[in-house]
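Participant: Structure provided below as structure tokens; questions to follow.
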Amino acid sequence: MSRAEQKEKTRRAIINAAFQQLSADKSFASLSLREVAREAGIAPTSFYRHFSDMDELGLTLVDEAGLMLRQLMRQARQRIVHNRSVIQTSVETFMEFIMQHSNVFRLLLRERSGTSAAFRSAVAREIQHFCAELADYLRKENKCSAEMALIQAEAMVILVFHAGADALDASDEVRQRITIKTIQQLRWLAGGSKPPVV
């Protein structure tokens, strides 16, 4: 393995270690550099070869979280099966993401309204990327203006993120009810543009 490959492997180990340390009871702000380094299997001093400080690591986590979510939803739109709606498939995929990557979603939720202006700005930027991709899809599917597509996309993302927050620590039964309700709400919302999203 080359030195560059080893460096990237260690960097990835640090990122994964930080995500694994997050939980319902532990936010990024409460993580220490030593904890992350220990989880990653490196000496604390080695951390600085990859990140200047914990804030830089945190911003990297936000970027990674946003990218993971956008890639997943992009894949969901590409694998719509016969007689399955875009909305149903997308919401179910989003809920699966929350369950499989709860720490990733927690990071976005917490830092969206956290005390760090840099983190809030980073999360807002990721959400705007998410909205822009959805708006582009809606514009093509609905044959509507870019402005109308963006308005609808932003409303949908707000609704879905709110539902995700409610579903995060819910029981399977409650999560299923939230999923069904969110699908219905999005269909009502989609009915406001012509032609409607299926």
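Residues are named by chain letter and number: chains run A, B, ... in the order of the structure tokens, numbers start at 1 in each chain, and ligands are numbered from 1 in the order shown.
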Please identify all polymer residues within 10 Å of A:Arg175, counting only C-alpha atoms, omitting same-chain residues fewer than 5 positions from it, and present them as a ChimeraX atom specification.
Facilitator: /A:95,163-164,166-170,180-181
Participant: Extract, using only C-alpha atoms, all DNA, RNA and protein residues at most 9 Å from A:Ala37, discarding same-chain residues fewer than 6 positions from it, and format them as an mmCIF file with N, CA, C and O atoms, in the first residue's frame.
Facilitator:
data_model
loop_
_atom_site.group_PDB
_atom_site.id
_atom_site.type_symbol
_atom_site.label_atom_id
_atom_site.label_comp_id
_atom_site.auth_asym_id
_atom_site.auth_seq_id
_atom_site.Cartn_x
_atom_site.Cartn_y
_atom_site.Cartn_z
ATOM 1 N N ILE A 14 -10.711 7.586 10.849
ATOM 2 C CA ILE A 14 -11.049 8.669 11.781
ATOM 3 C C ILE A 14 -12.493 9.114 11.576
ATOM 4 O O ILE A 14 -13.246 9.289 12.543
ATOM 5 N N ALA A 17 -14.797 6.412 12.825
ATOM 6 C CA ALA A 17 -14.737 6.358 14.288
ATOM 7 C C ALA A 17 -15.603 7.446 14.898
ATOM 8 O O ALA A 17 -16.315 7.217 15.885
ATOM 9 N N ALA A 18 -15.554 8.632 14.328
ATOM 10 C CA ALA A 18 -16.361 9.747 14.843
ATOM 11 C C ALA A 18 -17.850 9.456 14.683
ATOM 12 O O ALA A 18 -18.638 9.677 15.615
ATOM 13 N N ALA A 43 -2.713 7.088 17.404
ATOM 14 C CA ALA A 43 -2.282 7.957 18.498
ATOM 15 C C ALA A 43 -2.922 9.334 18.312
ATOM 16 O O ALA A 43 -3.116 9.767 17.164
ATOM 17 N N PRO A 44 -3.268 10.022 19.391
ATOM 18 C CA PRO A 44 -3.877 11.353 19.275
ATOM 19 C C PRO A 44 -3.070 12.315 18.401
ATOM 20 O O PRO A 44 -3.650 13.105 17.641
ATOM 21 N N THR A 45 -1.738 12.254 18.496
ATOM 22 C CA THR A 45 -0.907 13.160 17.689
ATOM 23 C C THR A 45 -1.055 12.889 16.192
ATOM 24 O O THR A 45 -0.894 13.793 15.368
ATOM 25 N N SER A 46 -1.384 11.639 15.828
ATOM 26 C CA SER A 46 -1.547 11.290 14.416
ATOM 27 C C SER A 46 -2.789 11.945 13.811
ATOM 28 O O SER A 46 -2.874 12.114 12.584
ATOM 29 N N PHE A 47 -3.737 12.298 14.656
ATOM 30 C CA PHE A 47 -4.971 12.946 14.196
ATOM 31 C C PHE A 47 -4.651 14.185 13.375
ATOM 32 O O PHE A 47 -5.280 14.445 12.338
#
Participant: Show which residues sit within 9 Å of A:Ala135, as a list in words. Count only C-alpha atoms, and ignore same-chain residues fewer than 2 positions away.
Facilitator: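 Listed by chain and then number, they are Phe130, Cys131, Ala132, Glu133, Tyr137, Leu138, Arg139, Lys140, Ala146, Glu147, Met148, Ala149, Leu150, Ile151, Gln152, Ala153 and Glu154 of chain A.
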Participant: Rank nothing, just name the residue among A:Arg3, A:Arg70, A:Arg177, A:His50 nearest to A:Glu126, using only C-alpha atoms.
Facilitator: A:Arg70
Participant: Rounded to one decimal place, report the atom CA of A:Thr115-atom CA of A:Gln100 distance in Å.
Facilitator: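 Straight-line distance from atom CA of A:Thr115 to atom CA of A:Gln100 works out to 26.7 Å.
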Participant: For a test of reading the model, state the distance in Å between atom CA of A:Trp188 and atom CA of A:Val157, rounded to one decimal.
Facilitator: 14.2 Å
Participant: Using only C-alpha atoms, which protein or nucleic acid residues come within 8 Å of A:Val104? Drop anything in the same chain fewer than 3 positions from it, and give the result as a ChimeraX atom specification.
Facilitator: /A:19,65,98,101,107-108
Participant: Residues as selected, all heavy atoms, written as a PDB file, in the first residue's frame, can you do that?
Facilitator:
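Okay, selection_39.pdb is ready:
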ATOM      1  N   PHE A  19     -18.247   8.942  13.526  1.00  0.00           N
ATOM      2  CA  PHE A  19     -19.660   8.590  13.315  1.00  0.00           C
ATOM      3  C   PHE A  19     -20.108   7.527  14.322  1.00  0.00           C
ATOM      4  O   PHE A  19     -21.210   7.600  14.870  1.00  0.00           O
ATOM      5  CB  PHE A  19     -19.883   8.076  11.894  1.00  0.00           C
ATOM      6  CG  PHE A  19     -20.180   9.154  10.884  1.00  0.00           C
ATOM      7  CD1 PHE A  19     -19.501   9.189   9.667  1.00  0.00           C
ATOM      8  CD2 PHE A  19     -21.145  10.115  11.125  1.00  0.00           C
ATOM      9  CE1 PHE A  19     -19.770  10.178   8.729  1.00  0.00           C
ATOM     10  CE2 PHE A  19     -21.424  11.105  10.192  1.00  0.00           C
ATOM     11  CZ  PHE A  19     -20.725  11.137   8.988  1.00  0.00           C
ATOM     12  N   ALA A  65     -22.187  13.189   5.447  1.00  0.00           N
ATOM     13  CA  ALA A  65     -23.583  12.842   5.732  1.00  0.00           C
ATOM     14  C   ALA A  65     -24.487  13.301   4.601  1.00  0.00           C
ATOM     15  O   ALA A  65     -25.356  12.559   4.134  1.00  0.00           O
ATOM     16  CB  ALA A  65     -24.019  13.470   7.058  1.00  0.00           C
ATOM     17  N   ILE A  98     -32.385   6.301   7.729  1.00  0.00           N
ATOM     18  CA  ILE A  98     -32.390   6.751   9.122  1.00  0.00           C
ATOM     19  C   ILE A  98     -32.129   5.586  10.074  1.00  0.00           C
ATOM     20  O   ILE A  98     -31.390   5.717  11.057  1.00  0.00           O
ATOM     21  CB  ILE A  98     -33.741   7.426   9.466  1.00  0.00           C
ATOM     22  CG1 ILE A  98     -33.843   8.763   8.746  1.00  0.00           C
ATOM     23  CG2 ILE A  98     -33.899   7.615  10.970  1.00  0.00           C
ATOM     24  CD1 ILE A  98     -35.207   9.398   8.859  1.00  0.00           C
ATOM     25  N   HIS A 101     -28.401   4.306   9.358  1.00  0.00           N
ATOM     26  CA  HIS A 101     -27.362   5.309   9.597  1.00  0.00           C
ATOM     27  C   HIS A 101     -27.885   6.384  10.548  1.00  0.00           C
ATOM     28  O   HIS A 101     -27.811   7.573  10.250  1.00  0.00           O
ATOM     29  CB  HIS A 101     -26.917   5.945   8.273  1.00  0.00           C
ATOM     30  CG  HIS A 101     -26.488   4.964   7.228  1.00  0.00           C
ATOM     31  ND1 HIS A 101     -25.257   4.345   7.247  1.00  0.00           N
ATOM     32  CD2 HIS A 101     -27.142   4.476   6.146  1.00  0.00           C
ATOM     33  CE1 HIS A 101     -25.156   3.528   6.203  1.00  0.00           C
ATOM     34  NE2 HIS A 101     -26.289   3.580   5.530  1.00  0.00           N
ATOM     35  N   LEU A 107     -26.480  13.695  13.283  1.00  0.00           N
ATOM     36  CA  LEU A 107     -25.509  14.770  13.104  1.00  0.00           C
ATOM     37  C   LEU A 107     -26.142  15.933  12.331  1.00  0.00           C
ATOM     38  O   LEU A 107     -26.018  17.092  12.728  1.00  0.00           O
ATOM     39  CB  LEU A 107     -24.281  14.252  12.355  1.00  0.00           C
ATOM     40  CG  LEU A 107     -23.198  15.296  12.081  1.00  0.00           C
ATOM     41  CD1 LEU A 107     -22.405  15.579  13.355  1.00  0.00           C
ATOM     42  CD2 LEU A 107     -22.265  14.839  10.972  1.00  0.00           C
ATOM     43  N   LEU A 108     -26.826  15.625  11.239  1.00  0.00           N
ATOM     44  CA  LEU A 108     -27.465  16.674  10.440  1.00  0.00           C
ATOM     45  C   LEU A 108     -28.530  17.406  11.245  1.00  0.00           C
ATOM     46  O   LEU A 108     -28.624  18.640  11.192  1.00  0.00           O
ATOM     47  CB  LEU A 108     -28.079  16.067   9.174  1.00  0.00           C
ATOM     48  CG  LEU A 108     -27.101  15.538   8.125  1.00  0.00           C
ATOM     49  CD1 LEU A 108     -27.848  14.860   6.992  1.00  0.00           C
ATOM     50  CD2 LEU A 108     -26.224  16.666   7.576  1.00  0.00           C
TER      51      LEU A 108
END
Participant: Would you compute the distance between atom CA of A:Ser27 and atom CA of A:Gly114? Give it in Å to one decimal.
Facilitator: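 So the answer is 10.1 Å.
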Participant: Which residues come within 8 Å of A:Val91, counting only C-alpha atoms, excluding same-chain residues fewer than 5 positions away, as a list in words?
Facilitator: Val160, Thr179, Thr182 and Ile183 of chain A
Participant: Excluding same-chain residues fewer than 2 positions from A:Ala124, what lies within 12 Å of it counting only C-alpha atoms, as a compact mmCIF listing (two decimals) with all heavy atoms, in the first residue's frame?
Facilitator:
# COMPACT_ATOMS: atom_id res chain seq x y z
N LEU A 59 -16.95 19.33 10.21
CA LEU A 59 -17.42 19.83 8.92
C LEU A 59 -17.31 18.74 7.85
O LEU A 59 -18.16 18.64 6.96
CB LEU A 59 -16.61 21.06 8.51
CG LEU A 59 -16.84 22.31 9.37
CD1 LEU A 59 -15.88 23.41 8.99
CD2 LEU A 59 -18.28 22.79 9.27
N VAL A 62 -20.27 16.43 8.26
CA VAL A 62 -21.49 17.01 7.69
C VAL A 62 -21.50 16.83 6.18
O VAL A 62 -22.52 16.43 5.59
CB VAL A 62 -21.60 18.51 8.04
CG1 VAL A 62 -22.73 19.16 7.24
CG2 VAL A 62 -21.85 18.70 9.53
N ASP A 63 -20.36 17.09 5.53
CA ASP A 63 -20.26 16.90 4.08
C ASP A 63 -20.52 15.44 3.71
O ASP A 63 -21.23 15.15 2.74
CB ASP A 63 -18.88 17.32 3.57
CG ASP A 63 -18.67 18.82 3.61
OD1 ASP A 63 -19.67 19.55 3.74
OD2 ASP A 63 -17.50 19.26 3.53
N GLY A 66 -24.28 14.54 4.16
CA GLY A 66 -25.10 15.06 3.06
C GLY A 66 -24.90 14.27 1.78
O GLY A 66 -25.86 13.98 1.07
N LEU A 108 -26.83 15.63 11.24
CA LEU A 108 -27.46 16.67 10.44
C LEU A 108 -28.53 17.41 11.24
O LEU A 108 -28.62 18.64 11.19
CB LEU A 108 -28.08 16.07 9.17
CG LEU A 108 -27.10 15.54 8.13
CD1 LEU A 108 -27.85 14.86 6.99
CD2 LEU A 108 -26.22 16.67 7.58
N LEU A 109 -29.33 16.65 11.99
CA LEU A 109 -30.39 17.26 12.79
C LEU A 109 -29.83 18.20 13.86
O LEU A 109 -30.29 19.33 14.02
CB LEU A 109 -31.25 16.19 13.46
CG LEU A 109 -32.27 15.44 12.61
CD1 LEU A 109 -33.00 14.42 13.48
CD2 LEU A 109 -33.26 16.40 11.98
N ARG A 110 -28.84 17.71 14.59
CA ARG A 110 -28.30 18.48 15.71
C ARG A 110 -27.54 19.71 15.24
O ARG A 110 -27.71 20.79 15.79
CB ARG A 110 -27.39 17.59 16.55
CG ARG A 110 -28.14 16.63 17.44
CD ARG A 110 -27.20 15.64 18.09
NE ARG A 110 -27.87 14.86 19.12
CZ ARG A 110 -27.43 13.69 19.57
NH1 ARG A 110 -26.33 13.18 19.07
NH2 ARG A 110 -28.10 13.04 20.51
N GLU A 111 -26.70 19.54 14.24
CA GLU A 111 -25.86 20.66 13.82
C GLU A 111 -26.64 21.67 13.00
O GLU A 111 -26.18 22.81 12.83
CB GLU A 111 -24.65 20.15 13.03
CG GLU A 111 -23.77 19.18 13.81
CD GLU A 111 -23.35 19.72 15.18
OE1 GLU A 111 -23.26 20.95 15.35
OE2 GLU A 111 -23.11 18.90 16.09
N ARG A 112 -27.81 21.29 12.52
CA ARG A 112 -28.65 22.24 11.78
C ARG A 112 -29.05 23.42 12.67
O ARG A 112 -29.23 24.54 12.18
CB ARG A 112 -29.90 21.51 11.28
CG ARG A 112 -30.77 22.34 10.35
CD ARG A 112 -32.00 21.55 9.94
NE ARG A 112 -32.79 22.27 8.96
CZ ARG A 112 -33.97 21.87 8.51
NH1 ARG A 112 -34.48 20.73 8.97
NH2 ARG A 112 -34.64 22.58 7.63
N SER A 113 -29.19 23.15 13.96
CA SER A 113 -29.56 24.21 14.90
C SER A 113 -28.57 24.31 16.06
O SER A 113 -28.91 24.75 17.15
CB SER A 113 -30.97 23.96 15.45
OG SER A 113 -31.05 22.69 16.07
N GLY A 114 -27.34 23.85 15.82
CA GLY A 114 -26.32 23.85 16.86
C GLY A 114 -25.74 25.23 17.13
O GLY A 114 -26.13 26.23 16.53
N ALA A 117 -21.77 28.39 14.11
CA ALA A 117 -22.26 29.01 12.87
C ALA A 117 -21.71 28.27 11.65
O ALA A 117 -22.41 28.11 10.64
CB ALA A 117 -21.85 30.48 12.84
N ALA A 118 -20.46 27.82 11.73
CA ALA A 118 -19.85 27.10 10.61
C ALA A 118 -20.58 25.79 10.35
O ALA A 118 -20.83 25.42 9.19
CB ALA A 118 -18.37 26.83 10.90
N PHE A 119 -20.95 25.08 11.41
CA PHE A 119 -21.68 23.83 11.26
C PHE A 119 -23.08 24.08 10.71
O PHE A 119 -23.56 23.35 9.83
CB PHE A 119 -21.76 23.09 12.60
CG PHE A 119 -20.51 22.33 12.96
CD1 PHE A 119 -19.27 22.74 12.47
CD2 PHE A 119 -20.56 21.22 13.78
CE1 PHE A 119 -18.12 22.05 12.80
CE2 PHE A 119 -19.40 20.52 14.11
CZ PHE A 119 -18.18 20.94 13.62
N ARG A 120 -23.76 25.10 11.24
CA ARG A 120 -25.11 25.41 10.74
C ARG A 120 -25.07 25.74 9.26
O ARG A 120 -25.92 25.31 8.48
CB ARG A 120 -25.71 26.59 11.52
CG ARG A 120 -26.06 26.29 12.97
CD ARG A 120 -27.01 27.33 13.54
NE ARG A 120 -26.49 28.68 13.43
CZ ARG A 120 -25.71 29.27 14.33
NH1 ARG A 120 -25.34 28.61 15.41
NH2 ARG A 120 -25.29 30.51 14.15
N SER A 121 -24.07 26.51 8.87
CA SER A 121 -23.92 26.88 7.46
C SER A 121 -23.64 25.65 6.60
O SER A 121 -24.19 25.52 5.49
CB SER A 121 -22.78 27.89 7.32
OG SER A 121 -22.55 28.22 5.97
N ALA A 122 -22.82 24.72 7.10
CA ALA A 122 -22.49 23.51 6.35
C ALA A 122 -23.72 22.63 6.16
O ALA A 122 -23.96 22.09 5.07
CB ALA A 122 -21.39 22.74 7.07
N GLU A 126 -25.72 21.58 2.68
CA GLU A 126 -26.04 20.22 2.27
C GLU A 126 -27.53 20.07 1.96
O GLU A 126 -27.92 19.39 1.01
CB GLU A 126 -25.61 19.23 3.36
CG GLU A 126 -24.11 19.07 3.51
CD GLU A 126 -23.43 18.66 2.23
OE1 GLU A 126 -23.97 17.81 1.50
OE2 GLU A 126 -22.33 19.19 1.95
N ILE A 127 -28.36 20.70 2.77
CA ILE A 127 -29.81 20.63 2.54
C ILE A 127 -30.17 21.34 1.24
O ILE A 127 -31.03 20.87 0.49
CB ILE A 127 -30.58 21.23 3.74
CG1 ILE A 127 -30.42 20.30 4.96
CG2 ILE A 127 -32.06 21.41 3.41
CD1 ILE A 127 -31.03 20.84 6.23
N GLN A 128 -29.48 22.44 0.95
CA GLN A 128 -29.73 23.14 -0.32
C GLN A 128 -29.32 22.28 -1.51
O GLN A 128 -29.99 22.27 -2.55
CB GLN A 128 -29.00 24.49 -0.34
CG GLN A 128 -29.71 25.58 0.43
CD GLN A 128 -31.16 25.75 -0.02
OE1 GLN A 128 -32.09 25.50 0.74
NE2 GLN A 128 -31.37 26.16 -1.25
N HIS A 129 -28.22 21.54 -1.38
CA HIS A 129 -27.82 20.61 -2.45
C HIS A 129 -28.93 19.57 -2.65
O HIS A 129 -29.27 19.23 -3.79
CB HIS A 129 -26.52 19.88 -2.07
CG HIS A 129 -25.29 20.74 -2.12
ND1 HIS A 129 -25.14 21.78 -3.01
CD2 HIS A 129 -24.15 20.72 -1.38
CE1 HIS A 129 -23.97 22.35 -2.84
NE2 HIS A 129 -23.35 21.73 -1.85
N PHE A 130 -29.44 19.07 -1.54
CA PHE A 130 -30.51 18.06 -1.56
C PHE A 130 -31.75 18.62 -2.26
O PHE A 130 -32.35 17.97 -3.12
CB PHE A 130 -30.83 17.67 -0.12
CG PHE A 130 -31.65 16.42 0.02
CD1 PHE A 130 -31.15 15.19 -0.36
CD2 PHE A 130 -32.93 16.48 0.55
CE1 PHE A 130 -31.91 14.04 -0.23
CE2 PHE A 130 -33.69 15.33 0.68
CZ PHE A 130 -33.18 14.11 0.29
N CYS A 131 -32.13 19.86 -1.90
CA CYS A 131 -33.29 20.52 -2.50
C CYS A 131 -33.07 20.75 -4.00
O CYS A 131 -33.99 20.56 -4.81
CB CYS A 131 -33.56 21.86 -1.81
SG CYS A 131 -34.22 21.75 -0.14
N GLU A 154 -38.27 22.31 -1.64
CA GLU A 154 -37.94 22.79 -0.30
C GLU A 154 -39.01 22.38 0.71
O GLU A 154 -38.70 21.97 1.84
CB GLU A 154 -37.76 24.31 -0.31
CG GLU A 154 -36.46 24.74 -1.01
CD GLU A 154 -36.32 26.24 -1.10
OE1 GLU A 154 -37.34 26.96 -0.95
OE2 GLU A 154 -35.18 26.71 -1.34
N VAL A 157 -38.64 18.61 1.41
CA VAL A 157 -37.47 18.28 2.23
C VAL A 157 -37.73 18.64 3.69
O VAL A 157 -37.39 17.87 4.59
CB VAL A 157 -36.22 19.00 1.69
CG1 VAL A 157 -35.06 18.89 2.69
CG2 VAL A 157 -35.81 18.41 0.35
N ILE A 158 -38.35 19.80 3.94
CA ILE A 158 -38.68 20.19 5.31
C ILE A 158 -39.60 19.15 5.94
O ILE A 158 -39.39 18.72 7.09
CB ILE A 158 -39.36 21.58 5.33
CG1 ILE A 158 -38.33 22.66 4.99
CG2 ILE A 158 -39.98 21.86 6.70
CD1 ILE A 158 -38.95 24.03 4.77
Participant: Using only C-alpha atoms for the distances, tell me which of A:Ala13, A:Val174, A:Asp55, A:Ser23 is nearest to A:Arg38.
Facilitator: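 Among the listed residues, A:Ala13 lies closest to A:Arg38.
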